[in-house]
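Engineer: Provided below: input_11.tsv, containing TSV, C-alpha atoms.
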chain	number	residue	atom	x	y	z
U	1	MET	CA	-11.84	-30.27	-4.58
U	2	ARG	CA	-12.41	-27.07	-2.62
U	3	TYR	CA	-9.90	-28.31	-0.01
U	4	LEU	CA	-7.27	-28.80	-2.73
U	5	SER	CA	-7.93	-25.30	-4.07
U	6	TYR	CA	-7.41	-23.76	-0.64
U	7	LEU	CA	-4.27	-25.84	-0.10
U	8	THR	CA	-2.88	-24.76	-3.47
U	9	LEU	CA	-3.54	-21.10	-2.68
U	10	LEU	CA	-1.93	-21.47	0.72
U	11	LEU	CA	1.19	-22.95	-0.85
U	12	ILE	CA	1.29	-20.17	-3.43
U	13	SER	CA	0.98	-17.58	-0.64
U	14	ILE	CA	3.85	-19.13	1.30
U	15	LEU	CA	6.04	-19.24	-1.79
U	16	LEU	CA	5.23	-15.66	-2.69
U	17	THR	CA	5.95	-14.28	0.76
U	18	SER	CA	9.35	-15.97	0.73
U	19	CYS	CA	10.28	-14.96	-2.79
U	20	GLU	CA	10.61	-11.32	-3.72
U	21	LYS	CA	10.71	-12.10	-7.44
U	22	GLY	CA	7.52	-14.12	-7.07
U	23	LEU	CA	5.80	-11.11	-5.55
U	24	GLU	CA	6.90	-8.92	-8.42
U	25	LEU	CA	5.04	-11.20	-10.84
U	26	PHE	CA	1.76	-10.23	-9.18
U	27	GLN	CA	2.54	-6.56	-8.60
U	28	GLU	CA	0.45	-4.15	-10.68
U	29	LYS	CA	2.63	-1.09	-11.13
U	30	ASP	CA	-0.14	1.30	-12.14
U	31	LEU	CA	-1.68	0.97	-8.66
U	32	LEU	CA	1.25	3.04	-7.37
U	33	GLU	CA	0.63	5.76	-9.97
U	34	ARG	CA	-2.50	7.16	-8.30
U	35	PRO	CA	-5.23	5.71	-10.53
U	36	THR	CA	-8.95	6.43	-10.21
U	37	SER	CA	-11.07	4.66	-7.62
U	38	LYS	CA	-12.63	2.55	-10.36
U	39	ARG	CA	-9.26	0.82	-10.76
U	40	CYS	CA	-9.32	-0.18	-7.07
U	41	ALA	CA	-12.77	-1.72	-7.61
U	42	GLU	CA	-11.19	-4.62	-9.50
U	43	CYS	CA	-10.13	-6.09	-6.14
U	44	HIS	CA	-12.15	-4.08	-3.60
U	45	GLU	CA	-15.53	-4.22	-5.29
U	46	ASN	CA	-17.68	-4.00	-2.15
U	47	ILE	CA	-15.81	-1.00	-0.76
U	48	TYR	CA	-15.92	0.75	-4.14
U	49	ASN	CA	-19.69	0.25	-4.45
U	50	GLN	CA	-20.12	1.98	-1.09
U	51	PHE	CA	-17.68	4.76	-1.97
U	52	LYS	CA	-19.21	5.63	-5.34
U	53	GLU	CA	-22.49	6.63	-3.64
U	54	SER	CA	-20.75	8.75	-0.99
U	55	ARG	CA	-20.31	12.51	-0.63
U	56	HIS	CA	-16.55	11.91	-0.91
U	57	ALA	CA	-17.01	10.46	-4.40
U	58	MET	CA	-18.99	13.50	-5.57
U	59	SER	CA	-17.08	16.10	-3.59
U	60	TRP	CA	-15.71	17.73	-6.77
U	61	THR	CA	-18.60	17.20	-9.16
U	62	SER	CA	-21.60	18.01	-6.97
U	63	PRO	CA	-23.67	21.03	-8.11
U	64	GLU	CA	-23.51	22.41	-4.56
U	65	PHE	CA	-19.71	22.50	-4.57
U	66	LYS	CA	-19.55	23.90	-8.08
U	67	ARG	CA	-21.83	26.75	-6.99
U	68	GLY	CA	-20.14	27.26	-3.62
U	69	SER	CA	-16.67	27.41	-5.15
U	70	GLU	CA	-17.94	29.76	-7.88
U	71	ASN	CA	-17.16	27.28	-10.63
U	72	TYR	CA	-13.89	26.19	-8.96
U	73	SER	CA	-12.51	29.73	-8.75
U	74	LYS	CA	-12.27	29.85	-4.93
U	75	GLU	CA	-8.89	28.21	-4.52
U	76	LYS	CA	-9.06	27.84	-0.73
U	77	CYS	CA	-12.03	25.47	-1.15
U	78	LEU	CA	-10.54	23.14	-3.73
U	79	SER	CA	-7.85	20.97	-2.15
U	80	CYS	CA	-10.07	19.11	0.31
U	81	HIS	CA	-12.44	18.21	-2.53
U	82	ALA	CA	-9.71	16.64	-4.69
U	83	PRO	CA	-6.73	16.06	-2.39
U	84	TYR	CA	-3.41	14.70	-3.60
U	85	GLU	CA	-2.76	12.99	-0.26
U	86	ILE	CA	-4.58	13.52	3.02
U	87	THR	CA	-2.46	14.87	5.86
U	88	ILE	CA	-3.07	14.89	9.61
U	89	ASN	CA	-3.90	18.34	11.00
U	90	GLU	CA	-2.86	20.04	7.75
U	91	LYS	CA	-4.88	20.97	4.72
U	92	PRO	CA	-3.86	18.69	1.82
U	93	LYS	CA	-2.56	19.83	-1.54
U	94	LEU	CA	-4.80	19.90	-4.59
U	95	ARG	CA	-4.00	17.18	-7.11
U	96	ASP	CA	-3.69	17.78	-10.84
U	97	ALA	CA	-5.23	14.56	-12.18
U	98	HIS	CA	-8.61	12.84	-11.81
U	99	ARG	CA	-10.19	15.69	-9.86
U	100	GLU	CA	-13.63	14.47	-10.87
U	101	ASP	CA	-12.89	11.40	-8.72
U	102	GLY	CA	-13.31	13.52	-5.57
U	103	VAL	CA	-11.77	12.31	-2.31
U	104	ASN	CA	-10.73	9.07	-3.93
U	105	CYS	CA	-9.16	5.84	-2.69
U	106	VAL	CA	-5.52	6.74	-3.28
U	107	ALA	CA	-5.90	10.23	-1.77
U	108	CYS	CA	-6.65	8.54	1.54
U	109	HIS	CA	-4.72	5.29	1.29
U	110	PHE	CA	-1.58	5.81	-0.84
U	111	ARG	CA	1.41	7.37	0.89
U	112	GLU	CA	4.29	8.83	-1.09
U	113	SER	CA	6.66	8.33	1.85
U	114	THR	CA	6.38	4.53	1.70
U	115	LYS	CA	5.17	4.06	-1.90
U	116	SER	CA	2.47	1.77	-0.52
U	117	MET	CA	-1.19	1.58	0.38
U	118	HIS	CA	-1.89	2.28	4.05
U	119	GLY	CA	-4.70	0.87	6.14
U	120	PRO	CA	-5.49	-0.49	9.60
U	121	TYR	CA	-4.47	-4.12	8.89
U	122	ASP	CA	-1.21	-5.95	8.32
U	123	VAL	CA	-2.16	-7.76	5.11
U	124	PHE	CA	-0.55	-9.84	2.39
U	125	SER	CA	-1.30	-7.99	-0.87
U	126	PRO	CA	0.64	-9.13	-3.94
U	127	PRO	CA	-0.82	-6.50	-6.37
U	128	HIS	CA	0.65	-3.61	-4.35
U	129	PRO	CA	2.78	-3.00	-1.23
U	130	SER	CA	0.72	-2.44	1.92
U	131	THR	CA	1.62	-0.80	5.22
U	132	GLN	CA	-0.28	-1.20	8.48
U	133	ASP	CA	-1.14	2.22	9.88
U	134	LEU	CA	-3.28	2.40	13.03
U	135	THR	CA	-4.05	6.10	12.54
U	136	TYR	CA	-6.80	4.82	10.23
U	137	THR	CA	-8.68	3.67	13.32
U	138	LYS	CA	-8.49	7.13	14.92
U	139	ALA	CA	-10.30	10.43	14.44
U	140	GLU	CA	-7.07	12.25	13.62
U	141	ILE	CA	-7.01	10.71	10.13
U	142	CYS	CA	-9.93	13.03	9.30
U	143	SER	CA	-8.34	16.14	10.79
U	144	GLY	CA	-6.66	17.55	7.69
U	145	CYS	CA	-9.86	18.34	5.82
U	146	HIS	CA	-12.40	18.39	8.65
U	147	GLN	CA	-10.34	20.69	10.86
U	148	GLU	CA	-13.14	22.57	12.63
U	149	THR	CA	-15.23	19.48	13.32
U	150	TYR	CA	-12.14	17.65	14.57
U	151	LYS	CA	-11.37	20.51	17.01
U	152	GLN	CA	-14.96	20.38	18.27
U	153	TRP	CA	-14.75	16.60	18.70
U	154	LYS	CA	-11.53	16.94	20.72
U	155	MET	CA	-13.31	19.28	23.15
U	156	VAL	CA	-15.85	16.55	23.97
U	157	SER	CA	-14.98	13.80	26.42
U	158	THR	CA	-15.89	10.77	24.31
U	159	ASP	CA	-14.38	7.45	23.33
U	160	LYS	CA	-16.27	7.48	20.02
U	161	SER	CA	-14.15	8.09	16.95
U	162	CYS	CA	-15.33	9.60	13.68
U	163	GLN	CA	-15.18	6.12	12.16
U	164	GLN	CA	-17.58	4.60	14.67
U	165	CYS	CA	-20.37	6.94	13.61
U	166	HIS	CA	-19.53	7.64	9.97
U	167	MET	CA	-17.77	4.40	8.93
U	168	PRO	CA	-19.42	1.62	10.98
U	169	ALA	CA	-17.74	-1.78	10.58
U	170	GLU	CA	-19.09	-5.17	9.62
U	171	LYS	CA	-17.34	-8.52	9.37
U	172	GLY	CA	-16.47	-9.28	5.78
U	173	SER	CA	-13.86	-9.61	3.08
U	174	LEU	CA	-11.56	-6.77	2.08
U	175	ILE	CA	-11.02	-8.31	-1.36
U	176	GLN	CA	-13.41	-9.89	-3.82
U	177	LYS	CA	-11.01	-10.74	-6.68
U	178	PHE	CA	-9.92	-14.34	-7.23
U	179	PRO	CA	-7.53	-15.72	-6.03
U	180	PHE	CA	-6.62	-12.97	-3.55
U	181	THR	CA	-9.94	-13.18	-1.71
U	182	TYR	CA	-8.88	-16.62	-0.41
U	183	MET	CA	-5.64	-15.27	1.01
U	184	HIS	CA	-7.44	-13.27	3.74
U	185	LEU	CA	-9.56	-14.20	6.70
U	186	PRO	CA	-12.74	-12.13	7.26
U	187	LYS	CA	-12.10	-8.81	9.03
U	188	GLU	CA	-14.00	-5.85	10.42
U	189	VAL	CA	-14.44	-3.81	7.24
U	190	HIS	CA	-15.45	-0.17	7.67
U	191	HIS	CA	-18.23	1.26	5.53
U	192	HIS	CA	-16.84	3.57	2.85
U	193	GLY	CA	-20.11	5.40	2.20
U	194	PHE	CA	-19.03	7.91	4.88
U	195	ILE	CA	-22.50	7.85	6.36
U	196	VAL	CA	-24.16	11.00	7.67
U	197	GLN	CA	-26.26	9.68	10.51
U	198	LYS	CA	-29.91	10.54	10.72
U	199	SER	CA	-30.44	13.08	13.50
U	200	LYS	CA	-32.68	11.59	16.22
U	201	PRO	CA	-34.95	13.11	18.90
U	202	GLU	CA	-32.89	11.50	21.67
U	203	PHE	CA	-29.85	13.51	20.60
U	204	PHE	CA	-31.48	16.64	22.08
U	205	GLU	CA	-33.19	17.83	25.23
U	206	VAL	CA	-35.70	20.67	24.75
U	207	LYS	CA	-37.28	22.70	27.58
U	208	ALA	CA	-39.73	25.60	27.38
U	209	ASP	CA	-40.44	28.56	29.68
U	210	LYS	CA	-43.32	31.00	29.06
U	211	THR	CA	-43.41	34.54	30.45
U	212	ASP	CA	-46.27	36.80	29.27
U	213	LYS	CA	-45.94	36.75	25.47
U	214	THR	CA	-42.35	35.49	25.49
U	215	LEU	CA	-41.21	31.92	25.02
U	216	LYS	CA	-37.72	30.81	25.99
U	217	LEU	CA	-36.54	27.50	24.59
U	218	THR	CA	-33.50	25.79	26.07
U	219	ILE	CA	-32.01	23.20	23.73
U	220	LEU	CA	-29.19	20.86	24.70
U	221	ASN	CA	-27.12	18.78	22.30
U	222	LYS	CA	-26.78	15.68	24.49
U	223	LYS	CA	-25.26	13.04	22.25
U	224	VAL	CA	-23.65	14.39	19.08
U	225	PRO	CA	-19.92	14.63	19.95
U	226	HIS	CA	-19.35	17.83	17.97
U	227	ASN	CA	-21.28	20.99	17.13
U	228	VAL	CA	-24.47	20.76	15.10
U	229	PRO	CA	-24.60	22.00	12.51
U	230	THR	CA	-20.89	21.67	11.77
U	231	ALA	CA	-18.92	22.48	8.63
U	232	ASP	CA	-15.53	23.72	7.53
U	233	ASN	CA	-17.30	24.83	4.38
U	234	GLY	CA	-20.85	24.54	3.12
U	235	LYS	CA	-24.03	25.80	4.73
U	236	PRO	CA	-25.81	23.19	6.83
U	237	LYS	CA	-28.68	24.57	8.90
U	238	TYR	CA	-30.90	23.58	11.80
U	239	TYR	CA	-34.38	25.11	12.01
U	240	VAL	CA	-36.42	25.70	15.15
U	241	ASP	CA	-40.03	26.40	14.10
U	242	VAL	CA	-42.53	27.47	16.76
U	243	THR	CA	-46.31	27.65	16.42
U	244	PHE	CA	-48.26	29.46	19.18
U	245	PHE	CA	-51.82	28.46	20.10
U	246	LYS	CA	-54.61	29.97	22.19
U	247	GLY	CA	-56.78	26.99	22.92
U	248	ASP	CA	-56.94	25.16	19.61
U	249	LYS	CA	-56.46	28.27	17.49
U	250	GLU	CA	-53.11	29.16	15.96
U	251	VAL	CA	-52.30	32.78	16.84
U	252	TYR	CA	-48.68	33.21	15.71
U	253	SER	CA	-45.66	31.41	14.30
U	254	ASP	CA	-41.93	32.13	14.17
U	255	SER	CA	-38.68	30.44	13.22
U	256	ILE	CA	-34.98	30.65	14.07
U	257	THR	CA	-32.21	29.26	11.85
U	258	VAL	CA	-29.16	27.87	13.64
U	259	LEU	CA	-25.91	28.08	11.65
U	260	PRO	CA	-22.39	26.64	12.16
U	261	ASN	CA	-21.11	29.95	13.56
U	262	ASP	CA	-23.61	29.77	16.47
U	263	PRO	CA	-24.46	26.08	16.79
U	264	PHE	CA	-25.75	23.60	19.33
U	265	VAL	CA	-22.53	22.78	21.20
U	266	ASN	CA	-22.27	19.36	22.83
U	267	GLY	CA	-23.13	19.58	26.54
U	268	LYS	CA	-23.94	23.30	26.45
U	269	GLU	CA	-27.49	24.66	26.65
U	270	LYS	CA	-28.52	27.10	23.95
U	271	VAL	CA	-31.34	29.54	24.76
U	272	LEU	CA	-33.59	30.81	21.97
U	273	GLU	CA	-36.18	33.54	22.62
U	274	PHE	CA	-39.44	34.01	20.72
U	275	ASN	CA	-41.92	36.86	21.14
U	276	SER	CA	-45.53	36.26	20.18
U	277	VAL	CA	-47.77	39.12	18.99
U	278	ALA	CA	-50.69	37.50	20.84
U	279	ASP	CA	-51.24	35.78	24.14
U	280	PHE	CA	-50.86	31.99	23.98
U	281	ASP	CA	-51.22	28.97	26.22
U	282	LYS	CA	-49.68	26.20	24.08
U	283	VAL	CA	-46.79	25.89	21.66
U	284	ARG	CA	-45.55	23.32	19.20
U	285	VAL	CA	-41.82	23.24	18.50
U	286	VAL	CA	-40.44	21.46	15.44
U	287	LEU	CA	-36.71	20.83	15.15
U	288	SER	CA	-35.32	20.01	11.69
U	289	ARG	CA	-32.09	20.13	9.75
U	290	LYS	CA	-31.00	20.77	6.18
U	291	LEU	CA	-27.58	19.50	5.16
U	292	SER	CA	-25.61	21.47	2.57
U	293	TRP	CA	-26.66	19.24	-0.33
U	294	GLN	CA	-30.29	18.74	0.67
U	295	GLU	CA	-33.07	20.56	-1.13
U	296	LYS	CA	-35.53	20.39	1.77
U	297	PRO	CA	-35.18	20.15	5.56
U	298	GLU	CA	-35.70	16.82	7.29
U	299	LYS	CA	-37.76	16.77	10.46
U	300	ILE	CA	-36.00	15.57	13.62
U	301	ALA	CA	-38.67	15.90	16.28
U	302	SER	CA	-41.81	17.73	17.39
U	303	TYR	CA	-42.44	18.90	20.98
U	304	ASP	CA	-45.68	20.16	22.55
U	305	PHE	CA	-45.57	22.45	25.59
Here is a file; write its structure as structure tokens.

Structural biologist:
Amino acid sequence: MRYLSYLTLLLISILLTSCEKGLELFQEKDLLERPTSKRCAECHENIYNQFKESRHAMSWTSPEFKRGSENYSKEKCLSCHAPYEITINEKPKLRDAHREDGVNCVACHFRESTKSMHGPYDVFSPPHPSTQDLTYTKAEICSGCHQETYKQWKMVSTDKSCQQCHMPAEKGSLIQKFPFTYMHLPKEVHHHGFIVQKSKPEFFEVKADKTDKTLKLTILNKKVPHNVPTADNGKPKYYVDVTFFKGDKEVYSDSITVLPNDPFVNGKEKVLEFNSVADFDKVRVVLSRKLSWQEKPEKIASYDF
């Protein structure tokens, strides 16, 4: 029975691909009218479920953006949070409709120039025209909105793309809706949660040098292929907290906040200087970060010198 079902679907697929009028029967016109992401979920349920939890989905509605844009009055901030259509190396235009949908599916995947959905695969998709576009496998697809981070990434000699870290791929199905799910073989499907990786101790190298009551810390960003913290907008922060000890007694503490305008640059040592009010023989250094939307910092690592 299952074999007959597959055979029937295969025959339908062959007939549809050879008959333009047959394709039109399955075409859903509203998909080319820039609907909300929820509409795309009818076929791409798994991808939508990842997207709806992402920072892209809440880019317009998040309290942090509402505050940062002064209740949407800062016009220069708006277009990347509700883009009409993403553009390579250029800031996109702000769309008029469905702004609450954030950086939605059609903003990234629908192209006015071809009146079709673009993505990395050459696929048969009766509900809407599709165009294979290999720029979706490259970092440059992110360059219109994330201009500063993209420039930083280009300065680093790495084969890793933005997608490899922030959209890791797993083998699976692009489509969940019957019968279209049976018209596609499993593919490498990229995660649409746009993951912000957890910062790890091995990303950094930290060295300490004590002179009298002065401590010099040298911190190297070894593995993150762009500045940290990085942001075109927003206020992510890294914190370097130092506690000074004489024997087992705490004698002083101090902290430095590292911001995007003076960050940890990949491959370049950053020297931070601390001056204790008392003599010390041991220090504990805690490195942590606070992303723009986080209420509290998250600890990365602790070092004892």

Engineer: Using CA of Ser116 in chain U and CA of Leu32 in chain U as the two end points, give the distance in Å to one decimal.

Structural biologist: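 So the two atoms, CA of Ser116 in chain U and CA of Leu32 in chain U, lie 7.1 Å apart.
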
Engineer: I want to know what sits within 9 Å of range 244-258 of chain U, based on only C-alpha atoms, with residues of the same chain fewer than 2 positions away left out; could you give that as a VMD selection string?

Structural biologist: chain U and resid 228 to 229 236 to 242 260 to 264 272 274 to 285

Engineer: List as a Markdown table every residue of range 189-299 of chain U that is in contact with range 131-148 of chain U, defined as an atom at most 10 Å from one of its atoms (using all atoms listed in the file), together with the nearest atom pair and the distance in Å rounded to one decimal, sorted by chain and then rising number.

Structural biologist:
| residue | atom | partner | partner_atom | distance |
| --- | --- | --- | --- | --- |
| U:His190 | CA | U:Thr137 | CA | 9.6 |
| U:His226 | CA | U:Glu148 | CA | 9.5 |
| U:Asn227 | CA | U:Glu148 | CA | 9.4 |
| U:Thr230 | CA | U:Glu148 | CA | 7.8 |
| U:Ala231 | CA | U:Glu148 | CA | 7.0 |
| U:Asp232 | CA | U:Glu148 | CA | 5.7 |
| U:Asn233 | CA | U:His146 | CA | 9.1 |

Engineer: How many Å separate CA of Lys160 in chain U from CA of Asn89 in chain U?

Structural biologist: 18.8 Å

Engineer: Can you list, as a compact mmCIF listing (two decimals) with C-alpha atoms, in the frame of the given file, every protein, DNA or RNA residue that comes within 8 Å of Lys223 in chain U when you count all atoms listed in the file, leaving out same-chain residues fewer than 6 positions away?

Structural biologist:
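After the write, result25.txt holds the following:
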# COMPACT_ATOMS: atom_id res chain seq x y z
CA GLU U 202 -32.89 11.50 21.67
CA PHE U 203 -29.85 13.51 20.60
CA PHE U 204 -31.48 16.64 22.08
CA ASN U 266 -22.27 19.36 22.83

Engineer: Choose the residue, out of U:Lys299, U:Arg99, U:Arg55, U:His166, that has the smallest atom-to-atom separation from Val286 in chain U; count all atoms listed in the file.

Structural biologist: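 Once distances to Val286 in chain U are computed over all atoms listed in the file, the minimum belongs to U:Lys299.
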
Engineer: What gap, in Å, lies between CA of Glu295 in chain U and CA of Ile219 in chain U?

Structural biologist: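 Here the two named atoms are 25.0 Å from each other.
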
Engineer: Which of these residues is nearest to Val206 in chain U, using all atoms listed in the file: U:His128, U:His81, U:His192, U:Lys270?

Structural biologist: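 Nearest to Val206 in chain U: U:Lys270.
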
Engineer: Restricting the calculation to all atoms listed in the file: of U:His191, U:Arg34, U:His98, U:Lys154, which residue gets closest to Tyr48 in chain U?

Structural biologist: U:His191
